[in-house]
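Structure file query12.cif; described as mmCIF, C-alpha atoms.
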data_target
#
loop_
_atom_site.group_PDB
_atom_site.id
_atom_site.type_symbol
_atom_site.label_atom_id
_atom_site.label_comp_id
_atom_site.auth_asym_id
_atom_site.auth_seq_id
_atom_site.Cartn_x
_atom_site.Cartn_y
_atom_site.Cartn_z
ATOM 1 C CA MET A 1 6.595 -4.230 0.545
ATOM 2 C CA ILE A 2 9.141 -2.367 2.639
ATOM 3 C CA ARG A 3 12.327 -0.945 1.198
ATOM 4 C CA ILE A 4 15.345 0.700 2.733
ATOM 5 C CA VAL A 5 17.026 2.960 0.185
ATOM 6 C CA ALA A 6 20.441 3.928 1.501
ATOM 7 C CA VAL A 7 23.559 5.634 0.251
ATOM 8 C CA GLY A 8 26.683 3.507 0.599
ATOM 9 C CA ARG A 9 27.355 -0.185 0.741
ATOM 10 C CA LEU A 10 27.229 -2.110 3.988
ATOM 11 C CA LYS A 11 30.235 -4.434 3.922
ATOM 12 C CA ARG A 12 30.521 -7.818 5.608
ATOM 13 C CA GLY A 13 31.017 -7.702 9.335
ATOM 14 C CA PRO A 14 29.027 -7.533 12.559
ATOM 15 C CA GLU A 15 26.833 -4.616 11.436
ATOM 16 C CA ARG A 16 25.843 -6.455 8.244
ATOM 17 C CA GLU A 17 25.218 -9.701 10.114
ATOM 18 C CA LEU A 18 22.929 -8.007 12.624
ATOM 19 C CA PHE A 19 21.162 -6.031 9.885
ATOM 20 C CA ASP A 20 20.566 -9.258 7.933
ATOM 21 C CA ARG A 21 19.297 -11.040 11.050
ATOM 22 C CA TYR A 22 16.528 -8.466 11.577
ATOM 23 C CA VAL A 23 15.636 -8.212 7.896
ATOM 24 C CA GLU A 24 15.386 -11.989 7.474
ATOM 25 C CA ARG A 25 12.891 -12.204 10.362
ATOM 26 C CA THR A 26 10.669 -9.333 9.217
ATOM 27 C CA ARG A 27 7.386 -9.742 7.338
ATOM 28 C CA PRO A 28 6.565 -8.339 4.928
ATOM 29 C CA ARG A 29 10.013 -8.685 3.447
ATOM 30 C CA VAL A 30 12.420 -5.763 3.662
ATOM 31 C CA ASP A 31 14.512 -5.079 0.559
ATOM 32 C CA LEU A 32 17.729 -3.086 0.728
ATOM 33 C CA ILE A 33 18.548 -0.812 -2.203
ATOM 34 C CA GLU A 34 22.111 0.461 -1.898
ATOM 35 C CA ILE A 35 23.225 3.529 -3.827
ATOM 36 C CA GLY A 36 26.908 3.972 -4.560
ATOM 37 C CA GLU A 37 28.600 6.868 -2.833
ATOM 38 C CA SER A 38 29.084 9.921 -5.057
ATOM 39 C CA ARG A 39 32.176 12.051 -5.445
ATOM 40 C CA GLY A 40 32.545 15.824 -5.651
ATOM 41 C CA SER A 41 31.731 18.784 -3.449
ATOM 42 C CA ALA A 42 29.180 18.385 -0.654
ATOM 43 C CA LEU A 43 26.579 20.099 -2.854
ATOM 44 C CA GLU A 44 27.317 17.815 -5.826
ATOM 45 C CA ILE A 45 27.224 14.718 -3.635
ATOM 46 C CA ARG A 46 23.822 15.642 -2.148
ATOM 47 C CA ARG A 47 22.459 16.406 -5.636
ATOM 48 C CA LYS A 48 23.700 13.106 -7.130
ATOM 49 C CA ASP A 49 22.526 11.112 -4.104
ATOM 50 C CA ALA A 50 19.103 12.791 -4.255
ATOM 51 C CA ALA A 51 18.666 11.899 -7.931
ATOM 52 C CA ALA A 52 19.517 8.241 -7.219
ATOM 53 C CA ILE A 53 17.321 8.073 -4.105
ATOM 54 C CA LEU A 54 14.321 9.594 -5.885
ATOM 55 C CA ALA A 55 14.824 7.261 -8.868
ATOM 56 C CA ALA A 56 14.599 4.318 -6.432
ATOM 57 C CA CYS A 57 11.233 5.611 -5.139
ATOM 58 C CA PRO A 58 8.782 5.418 -8.037
ATOM 59 C CA GLU A 59 5.491 7.315 -8.203
ATOM 60 C CA GLY A 60 3.031 6.053 -5.618
ATOM 61 C CA THR A 61 5.702 4.970 -3.142
ATOM 62 C CA ILE A 62 5.302 6.184 0.427
ATOM 63 C CA VAL A 63 8.653 7.798 1.211
ATOM 64 C CA ILE A 64 9.880 8.102 4.784
ATOM 65 C CA ALA A 65 13.051 10.161 5.183
ATOM 66 C CA LEU A 66 15.357 9.512 8.101
ATOM 67 C CA ASP A 67 16.218 13.078 8.997
ATOM 68 C CA GLU A 68 17.344 14.673 12.241
ATOM 69 C CA GLY A 69 14.613 17.305 11.805
ATOM 70 C CA GLY A 70 11.871 14.674 11.743
ATOM 71 C CA ASN A 71 9.577 13.423 14.471
ATOM 72 C CA SER A 72 10.961 10.989 17.048
ATOM 73 C CA PRO A 73 8.184 8.475 17.669
ATOM 74 C CA ASP A 74 8.507 5.804 20.306
ATOM 75 C CA SER A 75 8.409 2.177 19.143
ATOM 76 C CA GLN A 76 4.663 1.794 19.698
ATOM 77 C CA GLN A 77 3.926 4.976 17.721
ATOM 78 C CA PHE A 78 6.281 3.850 14.955
ATOM 79 C CA SER A 79 4.475 0.510 14.803
ATOM 80 C CA THR A 80 1.142 2.293 14.386
ATOM 81 C CA MET A 81 2.598 4.520 11.672
ATOM 82 C CA LEU A 82 4.093 1.568 9.799
ATOM 83 C CA ASP A 83 0.799 -0.334 10.029
ATOM 84 C CA SER A 84 -1.055 2.608 8.495
ATOM 85 C CA TRP A 85 1.474 2.956 5.659
ATOM 86 C CA LEU A 86 1.367 -0.777 4.907
ATOM 87 C CA ALA A 87 -2.442 -0.774 4.986
ATOM 88 C CA THR A 88 -2.435 1.457 1.891
ATOM 89 C CA GLY A 89 -1.024 -1.411 -0.156
ATOM 90 C CA LYS A 90 1.702 0.884 -1.471
ATOM 91 C CA GLN A 91 5.416 0.293 -1.290
ATOM 92 C CA VAL A 92 6.956 1.928 1.790
ATOM 93 C CA SER A 93 10.493 3.226 1.233
ATOM 94 C CA PHE A 94 12.673 4.477 4.067
ATOM 95 C CA VAL A 95 15.501 6.648 2.750
ATOM 96 C CA ILE A 96 18.863 7.176 4.424
ATOM 97 C CA GLY A 97 21.320 9.710 3.068
ATOM 98 C CA GLY A 98 25.061 9.439 3.039
ATOM 99 C CA ALA A 99 27.656 11.397 4.961
ATOM 100 C CA GLU A 100 26.447 14.679 3.418
ATOM 101 C CA GLY A 101 22.823 14.074 4.413
ATOM 102 C CA LEU A 102 19.676 14.404 2.327
ATOM 103 C CA GLU A 103 19.095 17.141 -0.206
ATOM 104 C CA ALA A 104 15.982 19.307 0.222
ATOM 105 C CA SER A 105 14.327 17.642 -2.807
ATOM 106 C CA VAL A 106 14.264 14.318 -0.951
ATOM 107 C CA ILE A 107 12.901 15.922 2.217
ATOM 108 C CA GLU A 108 10.194 17.669 0.167
ATOM 109 C CA ARG A 109 9.252 14.392 -1.575
ATOM 110 C CA ALA A 110 8.983 12.542 1.736
ATOM 111 C CA ASP A 111 5.547 11.710 3.094
ATOM 112 C CA ALA A 112 7.009 11.679 6.610
ATOM 113 C CA ARG A 113 10.305 12.331 8.359
ATOM 114 C CA ILE A 114 11.596 10.282 11.257
ATOM 115 C CA SER A 115 14.554 11.015 13.518
ATOM 116 C CA PHE A 116 16.504 8.701 15.785
ATOM 117 C CA GLY A 117 17.272 11.716 17.940
ATOM 118 C CA ARG A 118 19.402 14.801 17.669
ATOM 119 C CA MET A 119 22.702 12.945 17.922
ATOM 120 C CA THR A 120 24.638 12.289 14.731
ATOM 121 C CA TRP A 121 24.725 8.597 13.812
ATOM 122 C CA PRO A 122 26.915 6.958 11.160
ATOM 123 C CA HIS A 123 24.621 6.202 8.231
ATOM 124 C CA MET A 124 25.626 2.518 8.305
ATOM 125 C CA ILE A 125 24.497 2.269 11.953
ATOM 126 C CA VAL A 126 21.225 4.028 11.089
ATOM 127 C CA ARG A 127 20.450 1.152 8.708
ATOM 128 C CA LEU A 128 20.850 -1.306 11.540
ATOM 129 C CA LEU A 129 18.742 0.788 13.930
ATOM 130 C CA LEU A 130 16.025 1.106 11.292
ATOM 131 C CA ALA A 131 16.013 -2.628 10.524
ATOM 132 C CA GLU A 132 15.608 -3.396 14.229
ATOM 133 C CA GLN A 133 12.811 -0.862 14.661
ATOM 134 C CA ILE A 134 10.944 -2.211 11.620
ATOM 135 C CA TYR A 135 11.267 -5.715 13.068
ATOM 136 C CA ARG A 136 10.114 -4.443 16.469
ATOM 137 C CA ALA A 137 7.162 -2.600 14.903
ATOM 138 C CA ARG A 138 6.005 -5.743 13.124
ATOM 139 C CA ALA A 139 6.425 -7.750 16.362
ATOM 140 C CA ILE A 140 4.286 -5.199 18.210
ATOM 141 C CA SER A 141 1.598 -5.449 15.524
ATOM 142 C CA ALA A 142 1.631 -9.240 15.747
ATOM 143 C CA GLY A 143 1.407 -9.231 19.542
ATOM 144 C CA HIS A 144 4.797 -10.965 19.757
ATOM 145 C CA PRO A 145 6.565 -10.605 23.142
ATOM 146 C CA TYR A 146 9.800 -9.246 21.589
ATOM 147 C CA HIS A 147 8.807 -5.702 22.580
ATOM 148 C CA ARG A 148 8.405 -5.029 26.285
ATOM 149 C CA SER A 149 6.725 -1.710 26.879
ATOM 150 C CA ALA A 150 6.688 -1.832 30.669
ATOM 151 C CA ARG A 151 9.177 0.435 32.375
ATOM 152 C CA PRO A 152 10.308 0.264 35.997
#
Structure translated into structure tokens:
Amino acid sequence: MIRIVAVGRLKRGPERELFDRYVERTRPRVDLIEIGESRGSALEIRRKDAAAILAACPEGTIVIALDEGGNSPDSQQFSTMLDSWLATGKQVSFVIGGAEGLEASVIERADARISFGRMTWPHMIVRLLLAEQIYRARAISAGHPYHRSARP
């Protein structure tokens, strides 16, 4: 099973519709666990978010943190990575922090870190990007023509 554990709630609108479109097409199923946004200082928010994120990732879960300091695989490499994580039979949980980012405890717990580049992305858009890349990775694994790797 694949999970996306994310801080904040994705409201109705075009981002949610597109997110749902990719998730509905993906196998195995992708579950979204949304964590309410915390209040307080930046330090308090990161601490509260970290506790909730880690609680949503039980022992034995493979945790993948979306973090700007992580590796930036291409889609084919990501597909290979996802295949290897799924082959373990364990739950795979991708974690996305809120506006204050991820606390060090989440980064330390992560089995891998992935970055969508050095640019700052709104965390709601990161969900959508991740859902599409998970769908793409599964399409690559299935030999589906959705992904076109040829470049001019």
Contacts of segment 116-142 of chain A with segment 57-67 of chain A up to 12 Å, shortest pair per row, only C-alpha atoms, as JSON lines:
{"residue": "A:Phe116", "atom": "CA", "partner": "A:Leu66", "partner_atom": "CA", "distance": 7.8}
{"residue": "A:Gly117", "atom": "CA", "partner": "A:Asp67", "partner_atom": "CA", "distance": 9.1}
{"residue": "A:Arg118", "atom": "CA", "partner": "A:Asp67", "partner_atom": "CA", "distance": 9.4}
{"residue": "A:Met119", "atom": "CA", "partner": "A:Asp67", "partner_atom": "CA", "distance": 11.0}
{"residue": "A:Thr120", "atom": "CA", "partner": "A:Asp67", "partner_atom": "CA", "distance": 10.2}
{"residue": "A:Trp121", "atom": "CA", "partner": "A:Asp67", "partner_atom": "CA", "distance": 10.8}
{"residue": "A:His123", "atom": "CA", "partner": "A:Leu66", "partner_atom": "CA", "distance": 9.8}
{"residue": "A:Val126", "atom": "CA", "partner": "A:Leu66", "partner_atom": "CA", "distance": 8.6}
{"residue": "A:Arg127", "atom": "CA", "partner": "A:Leu66", "partner_atom": "CA", "distance": 9.8}
{"residue": "A:Leu129", "atom": "CA", "partner": "A:Leu66", "partner_atom": "CA", "distance": 11.0}
{"residue": "A:Leu130", "atom": "CA", "partner": "A:Leu66", "partner_atom": "CA", "distance": 9.0}
From the set A:Leu10, A:Ile35, A:Ala87, A:Met124, which residue has the shortest atom-to-atom contact distance to Lys48 of chain A, counting all atoms listed in the file?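 For Lys48 of chain A, the nearest of the candidates is A:Ile35.
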Non-local contacts of Leu18 of chain A (10 Å; all atoms listed in the file; under 5 positions in same chain excluded) as a VMD selection string: chain A and resid 13 23 to 24 128 to 129 131 to 132
Which is closest to Ile2 of chain A among A:Pro145, A:Pro28, A:Gly89, A:Gly69, if we use only C-alpha atoms?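 Nearest candidate to Ile2 of chain A out of A:Pro145, A:Pro28, A:Gly89, A:Gly69: A:Pro28.
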Could you tell me how far atom CA of Ala52 of chain A lies from atom CA of Glu103 of chain A, in Å and to one decimal?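 Straight-line distance from atom CA of Ala52 of chain A to atom CA of Glu103 of chain A works out to 11.3 Å.
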Padding 3 Å on every side, please: axis-aligned box over the listed atoms of segment 106-109 of chain A, centre and edge lengths to one decimal in Å, as lines of an AutoDock Vina configuration file.
center_x = 11.8
center_y = 16.0
center_z = 0.3
size_x = 11.0
size_y = 9.4
size_z = 9.8
Name the residues within 10 Å of (13.6, -8.8, 13.2), counting only C-alpha atoms in the file's coordinates, and put them as a PDB file with C-alpha atoms, keeping the file's coordinate frame.
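File produced: selection-v1.pdb:
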ATOM      1  CA  LEU A  18      22.929  -8.007  12.624  1.00  0.00           C
ATOM      2  CA  PHE A  19      21.162  -6.031   9.885  1.00  0.00           C
ATOM      3  CA  ASP A  20      20.566  -9.258   7.933  1.00  0.00           C
ATOM      4  CA  ARG A  21      19.297 -11.040  11.050  1.00  0.00           C
ATOM      5  CA  TYR A  22      16.528  -8.466  11.577  1.00  0.00           C
ATOM      6  CA  VAL A  23      15.636  -8.212   7.896  1.00  0.00           C
ATOM      7  CA  GLU A  24      15.386 -11.989   7.474  1.00  0.00           C
ATOM      8  CA  ARG A  25      12.891 -12.204  10.362  1.00  0.00           C
ATOM      9  CA  THR A  26      10.669  -9.333   9.217  1.00  0.00           C
ATOM     10  CA  ARG A  27       7.386  -9.742   7.338  1.00  0.00           C
ATOM     11  CA  ALA A 131      16.013  -2.628  10.524  1.00  0.00           C
ATOM     12  CA  GLU A 132      15.608  -3.396  14.229  1.00  0.00           C
ATOM     13  CA  GLN A 133      12.811  -0.862  14.661  1.00  0.00           C
ATOM     14  CA  ILE A 134      10.944  -2.211  11.620  1.00  0.00           C
ATOM     15  CA  TYR A 135      11.267  -5.715  13.068  1.00  0.00           C
ATOM     16  CA  ARG A 136      10.114  -4.443  16.469  1.00  0.00           C
ATOM     17  CA  ALA A 137       7.162  -2.600  14.903  1.00  0.00           C
ATOM     18  CA  ARG A 138       6.005  -5.743  13.124  1.00  0.00           C
ATOM     19  CA  ALA A 139       6.425  -7.750  16.362  1.00  0.00           C
ATOM     20  CA  TYR A 146       9.800  -9.246  21.589  1.00  0.00           C
TER      21      TYR A 146
END
Might you spell out which residues the PyMOL selection byres ((chain A and resi 34) around 7) would select in the displayed file, as a list in words? Val5, Ala6, Val7, Gly8, Arg9, Leu32, Ile33, Ile35 and Gly36 of chain A
Put those residues in a file: C-alpha atoms, as a PDB file, in the frame of the given file.
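Output contents, as saved in result_23.pdb:
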ATOM      1  CA  VAL A   5      17.026   2.960   0.185  1.00  0.00           C
ATOM      2  CA  ALA A   6      20.441   3.928   1.501  1.00  0.00           C
ATOM      3  CA  VAL A   7      23.559   5.634   0.251  1.00  0.00           C
ATOM      4  CA  GLY A   8      26.683   3.507   0.599  1.00  0.00           C
ATOM      5  CA  ARG A   9      27.355  -0.185   0.741  1.00  0.00           C
ATOM      6  CA  LEU A  32      17.729  -3.086   0.728  1.00  0.00           C
ATOM      7  CA  ILE A  33      18.548  -0.812  -2.203  1.00  0.00           C
ATOM      8  CA  ILE A  35      23.225   3.529  -3.827  1.00  0.00           C
ATOM      9  CA  GLY A  36      26.908   3.972  -4.560  1.00  0.00           C
TER      10      GLY A  36
END
Taking into account only C-alpha atoms, which residue in the set A:Gly70, A:Gln77, A:Glu100, A:Trp85 is nearest to Ser38 of chain A?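 Nearest candidate to Ser38 of chain A out of A:Gly70, A:Gln77, A:Glu100, A:Trp85: A:Glu100.
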Smallest atom-to-atom distance to Ile114 of chain A: which of A:Ala55, A:Glu68, A:Arg47, A:Leu82, using only C-alpha atoms? A:Glu68
What is the atom CA of Gln91 of chain A-atom CA of Ile53 of chain A distance in Å, reported with one decimal?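 Computed distance, atom CA of Gln91 of chain A to atom CA of Ile53 of chain A, equals 14.5 Å.
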Go through A:Glu17, A:Ile4, A:Arg29, A:Glu44 one by one, measure the shortest atom-to-atom distance of each to Gly101 of chain A using all atoms listed in the file, and give the residue with the smallest value.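 Ranking A:Glu17, A:Ile4, A:Arg29, A:Glu44 by distance to Gly101 of chain A, first place goes to A:Glu44.
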So what do you get for atom CA of Asp31 of chain A versus atom CA of Leu102 of chain A, distance-wise?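 These two atoms are separated by 20.2 Å.
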When you look at segment 104-106 of chain A with a cut-off of 7 Å (counting all atoms listed in the file), what residues show up, excluding the ones that are within fewer than 3 positions of it in the same chain? I need them as a PyMOL selection string. chain A and resi 50+54+109-110
Which one is closest to Val30 of chain A: A:Ser141, A:Ser84, A:Ser93, A:Ser79? Count all atoms listed in the file.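 Among the listed residues, A:Ser93 lies closest to Val30 of chain A.
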